[in-house]
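Chemist: Sharing data-v7.cif below, mmCIF, C-alpha atoms:
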data_model
#
loop_
_atom_site.group_PDB
_atom_site.id
_atom_site.type_symbol
_atom_site.label_atom_id
_atom_site.label_comp_id
_atom_site.auth_asym_id
_atom_site.auth_seq_id
_atom_site.Cartn_x
_atom_site.Cartn_y
_atom_site.Cartn_z
ATOM 1 C CA MET A 295 0.000 0.000 0.000
ATOM 2 C CA ALA A 296 1.297 3.469 -0.899
ATOM 3 C CA LYS A 297 2.439 5.610 1.972
ATOM 4 C CA LYS A 298 0.637 8.864 2.644
ATOM 5 C CA ILE A 299 2.722 11.917 3.504
ATOM 6 C CA ILE A 300 1.315 15.300 4.494
ATOM 7 C CA GLY A 301 3.227 18.555 4.283
ATOM 8 C CA ILE A 302 2.372 21.490 6.534
ATOM 9 C CA VAL A 303 3.677 24.884 5.434
ATOM 10 C CA GLY A 304 3.901 27.530 8.151
ATOM 11 C CA SER A 305 5.338 30.211 5.882
ATOM 12 C CA TYR A 306 3.529 33.361 4.765
ATOM 13 C CA ARG A 307 5.109 33.156 1.308
ATOM 14 C CA LYS A 308 3.791 30.695 -1.217
ATOM 15 C CA ASN A 309 6.554 29.517 -3.541
ATOM 16 C CA GLY A 310 9.085 30.901 -1.083
ATOM 17 C CA MET A 311 12.052 29.101 0.434
ATOM 18 C CA ILE A 312 10.099 26.891 2.852
ATOM 19 C CA ASP A 313 7.300 26.132 0.407
ATOM 20 C CA ARG A 314 9.775 25.056 -2.271
ATOM 21 C CA LEU A 315 11.692 22.763 0.076
ATOM 22 C CA VAL A 316 8.475 21.166 1.351
ATOM 23 C CA THR A 317 7.422 20.680 -2.281
ATOM 24 C CA GLU A 318 10.765 19.071 -3.188
ATOM 25 C CA THR A 319 10.476 16.705 -0.229
ATOM 26 C CA LEU A 320 6.941 15.670 -1.126
ATOM 27 C CA ALA A 321 7.825 15.285 -4.822
ATOM 28 C CA SER A 322 10.713 12.991 -3.934
ATOM 29 C CA ALA A 323 8.374 10.838 -1.847
ATOM 30 C CA GLU A 324 5.846 10.788 -4.689
ATOM 31 C CA ALA A 325 8.530 9.509 -7.068
ATOM 32 C CA LEU A 326 8.683 6.371 -4.918
ATOM 33 C CA GLY A 327 4.923 5.913 -4.985
ATOM 34 C CA ALA A 328 3.813 7.900 -1.949
ATOM 35 C CA VAL A 329 0.561 9.857 -1.945
ATOM 36 C CA THR A 330 1.096 13.413 -0.700
ATOM 37 C CA LYS A 331 -0.936 16.407 0.365
ATOM 38 C CA LYS A 332 0.251 19.921 1.206
ATOM 39 C CA ILE A 333 -1.530 22.168 3.687
ATOM 40 C CA TYR A 334 -0.831 25.894 3.999
ATOM 41 C CA LEU A 335 -1.548 27.122 7.518
ATOM 42 C CA THR A 336 -2.350 30.545 6.049
ATOM 43 C CA ASP A 337 -5.200 28.996 4.035
ATOM 44 C CA VAL A 338 -6.956 27.178 6.875
ATOM 45 C CA HIS A 339 -8.946 28.448 9.832
ATOM 46 C CA ILE A 340 -7.433 27.492 13.175
ATOM 47 C CA GLU A 341 -8.711 29.122 16.343
ATOM 48 C CA PHE A 342 -6.395 30.027 19.197
ATOM 49 C CA CYS A 343 -6.145 27.469 21.992
ATOM 50 C CA ASN A 344 -7.982 29.015 24.949
ATOM 51 C CA ASN A 345 -6.283 26.697 27.462
ATOM 52 C CA CYS A 346 -9.567 25.246 28.723
ATOM 53 C CA ARG A 347 -7.990 21.751 28.670
ATOM 54 C CA TYR A 348 -11.285 20.159 27.639
ATOM 55 C CA CYS A 349 -9.371 18.078 25.074
ATOM 56 C CA THR A 350 -7.035 16.661 27.726
ATOM 57 C CA GLN A 351 -9.599 15.268 30.161
ATOM 58 C CA LYS A 352 -10.627 11.926 28.653
ATOM 59 C CA PRO A 353 -8.100 9.046 28.616
ATOM 60 C CA GLY A 354 -7.218 7.040 25.544
ATOM 61 C CA PRO A 355 -4.656 6.923 22.744
ATOM 62 C CA GLU A 356 -6.517 9.215 20.345
ATOM 63 C CA PRO A 357 -6.192 13.036 20.482
ATOM 64 C CA GLY A 358 -8.833 14.654 22.655
ATOM 65 C CA LYS A 359 -11.764 16.492 21.105
ATOM 66 C CA CYS A 360 -11.447 20.282 21.026
ATOM 67 C CA VAL A 361 -14.281 22.694 21.776
ATOM 68 C CA HIS A 362 -13.476 24.567 18.546
ATOM 69 C CA ALA A 363 -15.070 23.303 15.335
ATOM 70 C CA ASP A 364 -12.470 24.450 12.806
ATOM 71 C CA ASP A 365 -9.948 23.208 10.256
ATOM 72 C CA PHE A 366 -7.563 21.892 12.909
ATOM 73 C CA ASN A 367 -9.781 18.839 13.231
ATOM 74 C CA VAL A 368 -9.566 18.282 9.471
ATOM 75 C CA ILE A 369 -5.772 18.368 9.661
ATOM 76 C CA LEU A 370 -5.834 15.893 12.545
ATOM 77 C CA SER A 371 -7.948 13.512 10.488
ATOM 78 C CA GLU A 372 -5.480 13.781 7.607
ATOM 79 C CA TRP A 373 -2.609 13.094 9.989
ATOM 80 C CA GLN A 374 -4.208 10.048 11.566
ATOM 81 C CA GLU A 375 -4.442 8.483 8.101
ATOM 82 C CA SER A 376 -0.846 9.383 7.208
ATOM 83 C CA ASP A 377 2.528 7.678 7.527
ATOM 84 C CA GLY A 378 4.772 10.709 7.490
ATOM 85 C CA LEU A 379 4.958 14.445 8.016
ATOM 86 C CA VAL A 380 6.874 17.343 6.493
ATOM 87 C CA ILE A 381 6.588 20.442 8.670
ATOM 88 C CA GLY A 382 8.183 23.714 7.615
ATOM 89 C CA SER A 383 8.401 27.232 8.998
ATOM 90 C CA PRO A 384 10.903 30.041 8.515
ATOM 91 C CA VAL A 385 12.424 31.841 11.468
ATOM 92 C CA ASN A 386 10.530 35.015 12.318
ATOM 93 C CA PHE A 387 11.973 36.901 15.280
ATOM 94 C CA TYR A 388 14.083 33.961 16.465
ATOM 95 C CA ASN A 389 11.375 31.293 16.276
ATOM 96 C CA VAL A 390 8.664 29.761 14.103
ATOM 97 C CA THR A 391 5.928 31.929 12.614
ATOM 98 C CA ALA A 392 2.777 32.896 14.507
ATOM 99 C CA VAL A 393 0.570 30.607 12.376
ATOM 100 C CA THR A 394 2.869 27.689 13.148
ATOM 101 C CA ARG A 395 2.787 28.516 16.847
ATOM 102 C CA ARG A 396 -1.020 28.697 16.772
ATOM 103 C CA PHE A 397 -1.120 25.203 15.248
ATOM 104 C CA MET A 398 1.461 24.007 17.759
ATOM 105 C CA GLU A 399 -0.526 25.186 20.774
ATOM 106 C CA ARG A 400 -3.562 23.216 19.651
ATOM 107 C CA LEU A 401 -1.503 20.017 19.866
ATOM 108 C CA VAL A 402 -2.207 19.912 23.596
ATOM 109 C CA CYS A 403 -4.968 17.475 22.584
ATOM 110 C CA PHE A 404 -2.238 14.830 22.250
ATOM 111 C CA SER A 405 -1.827 14.835 26.032
ATOM 112 C CA TYR A 406 -3.892 13.396 28.862
ATOM 113 C CA TRP A 407 -4.058 15.926 31.702
ATOM 114 C CA PRO A 408 -7.118 15.557 33.927
ATOM 115 C CA TRP A 409 -7.778 18.103 36.636
ATOM 116 C CA GLY A 410 -5.816 17.253 39.777
ATOM 117 C CA GLN A 411 -2.935 15.653 37.877
ATOM 118 C CA HIS A 412 0.231 17.736 38.293
ATOM 119 C CA SER A 413 1.571 17.311 34.760
ATOM 120 C CA PRO A 414 0.372 15.965 31.408
ATOM 121 C CA LYS A 415 1.105 12.526 30.006
ATOM 122 C CA MET A 416 1.481 12.055 26.283
ATOM 123 C CA ARG A 417 -1.107 9.812 24.696
ATOM 124 C CA SER A 418 0.320 6.710 23.064
ATOM 125 C CA GLY A 419 0.253 6.743 19.297
ATOM 126 C CA ASN A 420 1.773 5.182 16.203
ATOM 127 C CA LYS A 421 5.515 5.545 16.759
ATOM 128 C CA ASP A 422 6.317 4.228 13.264
ATOM 129 C CA LYS A 423 5.555 7.569 11.638
ATOM 130 C CA LYS A 424 8.437 9.736 10.418
ATOM 131 C CA ALA A 425 8.883 13.477 10.107
ATOM 132 C CA VAL A 426 11.079 15.897 8.189
ATOM 133 C CA LEU A 427 11.631 19.344 9.697
ATOM 134 C CA ILE A 428 12.396 22.336 7.468
ATOM 135 C CA THR A 429 13.317 25.864 8.514
ATOM 136 C CA SER A 430 15.258 28.844 7.199
ATOM 137 C CA SER A 431 16.866 31.965 8.618
ATOM 138 C CA ALA A 432 18.816 35.061 7.680
ATOM 139 C CA MET A 433 21.618 33.656 9.850
ATOM 140 C CA PRO A 434 24.056 31.050 8.589
ATOM 141 C CA SER A 435 22.567 27.646 9.320
ATOM 142 C CA PHE A 436 25.062 26.745 12.064
ATOM 143 C CA MET A 437 24.150 29.941 13.944
ATOM 144 C CA GLY A 438 20.435 29.503 13.344
ATOM 145 C CA ARG A 439 20.510 26.063 14.905
ATOM 146 C CA ILE A 440 22.060 27.560 18.047
ATOM 147 C CA PHE A 441 20.405 30.952 18.381
ATOM 148 C CA THR A 442 16.826 30.335 17.199
ATOM 149 C CA GLY A 443 14.085 28.201 18.675
ATOM 150 C CA ALA A 444 12.673 27.022 15.340
ATOM 151 C CA PRO A 445 14.403 23.602 15.138
ATOM 152 C CA ARG A 446 13.307 22.733 18.672
ATOM 153 C CA ALA A 447 9.744 23.958 18.056
ATOM 154 C CA LEU A 448 9.400 21.903 14.865
ATOM 155 C CA ARG A 449 10.816 18.845 16.620
ATOM 156 C CA LEU A 450 8.327 19.296 19.453
ATOM 157 C CA ILE A 451 5.463 19.525 16.958
ATOM 158 C CA ALA A 452 6.522 16.291 15.268
ATOM 159 C CA THR A 453 7.145 14.291 18.436
ATOM 160 C CA THR A 454 3.918 15.509 20.032
ATOM 161 C CA MET A 455 2.034 14.257 16.970
ATOM 162 C CA GLY A 456 3.742 10.890 17.398
ATOM 163 C CA ALA A 457 6.316 11.124 14.599
ATOM 164 C CA LYS A 458 10.059 10.546 14.810
ATOM 165 C CA PRO A 459 12.137 13.271 13.086
ATOM 166 C CA VAL A 460 14.491 11.637 10.588
ATOM 167 C CA LYS A 461 15.877 14.782 8.951
ATOM 168 C CA THR A 462 16.207 18.492 9.742
ATOM 169 C CA ILE A 463 16.895 20.884 6.887
ATOM 170 C CA PHE A 464 18.077 24.369 7.882
ATOM 171 C CA ALA A 465 18.473 26.800 4.975
ATOM 172 C CA GLY A 466 20.688 29.608 6.182
ATOM 173 C CA LEU A 467 21.411 33.055 4.714
ATOM 174 C CA ALA A 468 17.848 33.188 3.415
ATOM 175 C CA ALA A 469 17.553 36.981 3.449
ATOM 176 C CA GLN A 470 20.269 37.944 1.016
ATOM 177 C CA GLU A 471 17.757 38.850 -1.703
ATOM 178 C CA GLU A 472 14.084 39.718 -1.972
ATOM 179 C CA ASN A 473 13.011 36.382 -3.424
ATOM 180 C CA PRO A 474 15.509 33.791 -2.204
ATOM 181 C CA VAL A 475 15.631 30.322 -3.687
ATOM 182 C CA PRO A 476 16.887 27.145 -2.008
ATOM 183 C CA SER A 477 20.479 26.189 -2.601
ATOM 184 C CA GLU A 478 21.310 23.039 -4.532
ATOM 185 C CA LYS A 479 22.507 21.524 -1.275
ATOM 186 C CA ALA A 480 19.155 22.178 0.432
ATOM 187 C CA ILE A 481 17.282 20.747 -2.553
ATOM 188 C CA ARG A 482 19.402 17.601 -2.453
ATOM 189 C CA GLN A 483 18.706 17.284 1.275
ATOM 190 C CA ALA A 484 14.971 17.655 0.645
ATOM 191 C CA ARG A 485 15.015 14.940 -2.012
ATOM 192 C CA VAL A 486 16.910 12.556 0.260
ATOM 193 C CA ALA A 487 14.442 13.326 3.054
ATOM 194 C CA GLY A 488 11.495 12.559 0.788
ATOM 195 C CA ARG A 489 12.954 9.190 -0.060
ATOM 196 C CA GLN A 490 13.392 8.498 3.646
ATOM 197 C CA LEU A 491 9.729 9.227 4.277
ATOM 198 C CA ALA A 492 8.658 6.982 1.427
ATOM 199 C CA GLY A 493 10.838 4.159 2.688
ATOM 200 C CA GLY A 494 13.364 4.303 -0.133
ATOM 201 C CA GLN A 495 16.391 4.381 2.177
#
Render the structure in this file as structure tokens.
Modeler:
Amino acid sequence: MAKKIIGIVGSYRKNGMIDRLVTETLASAEALGAVTKKIYLTDVHIEFCNNCRYCTQKPGPEPGKCVHADDFNVILSEWQESDGLVIGSPVNFYNVTAVTRRFMERLVCFSYWPWGQHSPKMRSGNKDKKAVLITSSAMPSFMGRIFTGAPRALRLIATTMGAKPVKTIFAGLAAQEENPVPSEKAIRQARVAGRQLAGGQ
């Protein structure tokens, strides 16, 4: 059966650096027979988490139900039917974008945290899923990995959703021109990552 991979783009620029690298990753997975779908967080309606913790009260392995009826639930349904994830966001003010953070905060539904319990416990899920993390920054990549919170935030998103990160792509020096394009090295990394998601290596 063909693997299903979803890509989540947390960039404000379509066809920008992050979007192109997510596309390259998905295309590489498709070349090995995977079925892919790309979701732009700027195109979907996701309410802010209001920290009511309604979604954390009932036990069980599945994500808790949120009080908001919005597109987040649609994305969750897509994810539950998927085998892999590509999540991308550029660095904006030393961390992921606001739309990515809004999505991230709603992932509290993956925890079980009833009232009276001091800390949350992660719900068990399918640990066979894989994730590729993609970010970019005006800094050189080695500095961006140290001085920005984006890699850690993307890793937390993936692991909270029950996926194991297998590749992190950090495109540095991404603000040298108005419309930057990924380097050949970053494109090669994206293609290798796509093959990893599809099970090609």
Chemist: Using the chain letters and numbers from this file, what does the PyMOL selection byres ((chain A and resi 459) around 12) select? Give the answer as a short mmCIF file (atom, residue, chain, number, x, y, z; two decimals) with C-alpha atoms, in the coordinates of the input.
Modeler:
data_model
loop_
_atom_site.label_atom_id
_atom_site.label_comp_id
_atom_site.auth_asym_id
_atom_site.auth_seq_id
_atom_site.Cartn_x
_atom_site.Cartn_y
_atom_site.Cartn_z
CA GLY A 378 4.77 10.71 7.49
CA LEU A 379 4.96 14.44 8.02
CA VAL A 380 6.87 17.34 6.49
CA ILE A 381 6.59 20.44 8.67
CA LYS A 421 5.52 5.54 16.76
CA ASP A 422 6.32 4.23 13.26
CA LYS A 423 5.56 7.57 11.64
CA LYS A 424 8.44 9.74 10.42
CA ALA A 425 8.88 13.48 10.11
CA VAL A 426 11.08 15.90 8.19
CA LEU A 427 11.63 19.34 9.70
CA ILE A 428 12.40 22.34 7.47
CA PRO A 445 14.40 23.60 15.14
CA ARG A 446 13.31 22.73 18.67
CA LEU A 448 9.40 21.90 14.86
CA ARG A 449 10.82 18.84 16.62
CA LEU A 450 8.33 19.30 19.45
CA ILE A 451 5.46 19.52 16.96
CA ALA A 452 6.52 16.29 15.27
CA THR A 453 7.14 14.29 18.44
CA THR A 454 3.92 15.51 20.03
CA MET A 455 2.03 14.26 16.97
CA GLY A 456 3.74 10.89 17.40
CA ALA A 457 6.32 11.12 14.60
CA LYS A 458 10.06 10.55 14.81
CA VAL A 460 14.49 11.64 10.59
CA LYS A 461 15.88 14.78 8.95
CA THR A 462 16.21 18.49 9.74
CA ILE A 463 16.90 20.88 6.89
CA ALA A 487 14.44 13.33 3.05
CA GLN A 490 13.39 8.50 3.65
CA LEU A 491 9.73 9.23 4.28
#
Chemist: Grab the atom CA of Thr429 of chain A to atom CA of Glu399 of chain A distance for me, in Å with one decimal place.
Modeler: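 Answer for the atom CA of Thr429 of chain A to atom CA of Glu399 of chain A separation: 18.5 Å.
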Chemist: Hey, can I get the axis-aligned box for segment 429-434 of chain A? All listed atoms, 6 Å padding on each side, centre and edge lengths in Å to one decimal, as AutoDock Vina command-line options.
Modeler:
--center_x 18.7 --center_y 30.5 --center_z 8.5 --size_x 22.7 --size_y 21.2 --size_z 14.7
Chemist: Per residue of segment 370-471 of chain A within 8 Å of segment 343-349 of chain A, note the shortest atom pair and the distance in Å to one decimal, counting all atoms listed in the file, and order the rows by chain and increasing residue number, as JSON lines.
Modeler:
{"residue": "A:Arg396", "atom": "CA", "partner": "A:Cys343", "partner_atom": "CA", "distance": 7.4}
{"residue": "A:Glu399", "atom": "CA", "partner": "A:Cys343", "partner_atom": "CA", "distance": 6.2}
{"residue": "A:Arg400", "atom": "CA", "partner": "A:Cys343", "partner_atom": "CA", "distance": 5.5}
{"residue": "A:Val402", "atom": "CA", "partner": "A:Cys349", "partner_atom": "CA", "distance": 7.5}
{"residue": "A:Cys403", "atom": "CA", "partner": "A:Cys349", "partner_atom": "CA", "distance": 5.1}
{"residue": "A:Trp407", "atom": "CA", "partner": "A:Arg347", "partner_atom": "CA", "distance": 7.7}
Chemist: List, as an MDAnalysis selection string, every residue that the PyMOL selection byres ((chain A and resi 370) around 12) selects in the file provided.
Modeler: chainID A and resid 300 302 333 340 356:360 364:369 371:376 379 397 400:401 403:404 455:456
Chemist: With the file shown as input, list the residues that the PyMOL selection byres ((chain A and resi 307-319) around 10) selects, as an MDAnalysis selection string.
Modeler: chainID A and resid 299:306 320:324 330:332 334 336 380:384 426:431 463:465 468 473:477 480:491
Chemist: Please compute the atom CA of Ala325 of chain A-atom CA of Met295 of chain A distance, one decimal, in Å.
Modeler: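 Those two atoms sit 14.6 Å apart.
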Chemist: I'd like the interatomic distance between atom CA of Lys352 of chain A and atom CA of Tyr406 of chain A, to a tenth of an Å.
Modeler: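 These two atoms are separated by 6.9 Å.
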Chemist: Given the choices A:Arg439, A:Ala447, A:Thr350, A:Arg395, which gets closest to Ser413 of chain A if the distance is worked out from only C-alpha atoms?
Modeler: A:Thr350
Chemist: So, with all atoms listed in the file as the atoms that count, which of A:Met416, A:Ala328, A:Ala444, A:Leu467 lies closest to Thr391 of chain A?
Modeler: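 Among A:Met416, A:Ala328, A:Ala444, A:Leu467, it is A:Ala444 that comes nearest to Thr391 of chain A.
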Chemist: Given the choices A:Gly327, A:Gly466, A:Pro408, A:Pro414, which gets closest to Thr442 of chain A if the distance is worked out from only C-alpha atoms?
Modeler: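 Looking only at the distances to Thr442 of chain A, the closest residue turns out to be A:Gly466.
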Chemist: Restricting the calculation to all atoms listed in the file, which member of A:Asn389, A:Ala363, A:Gln351, A:Ala492 is positioned closest to Ile440 of chain A?
Modeler: A:Asn389
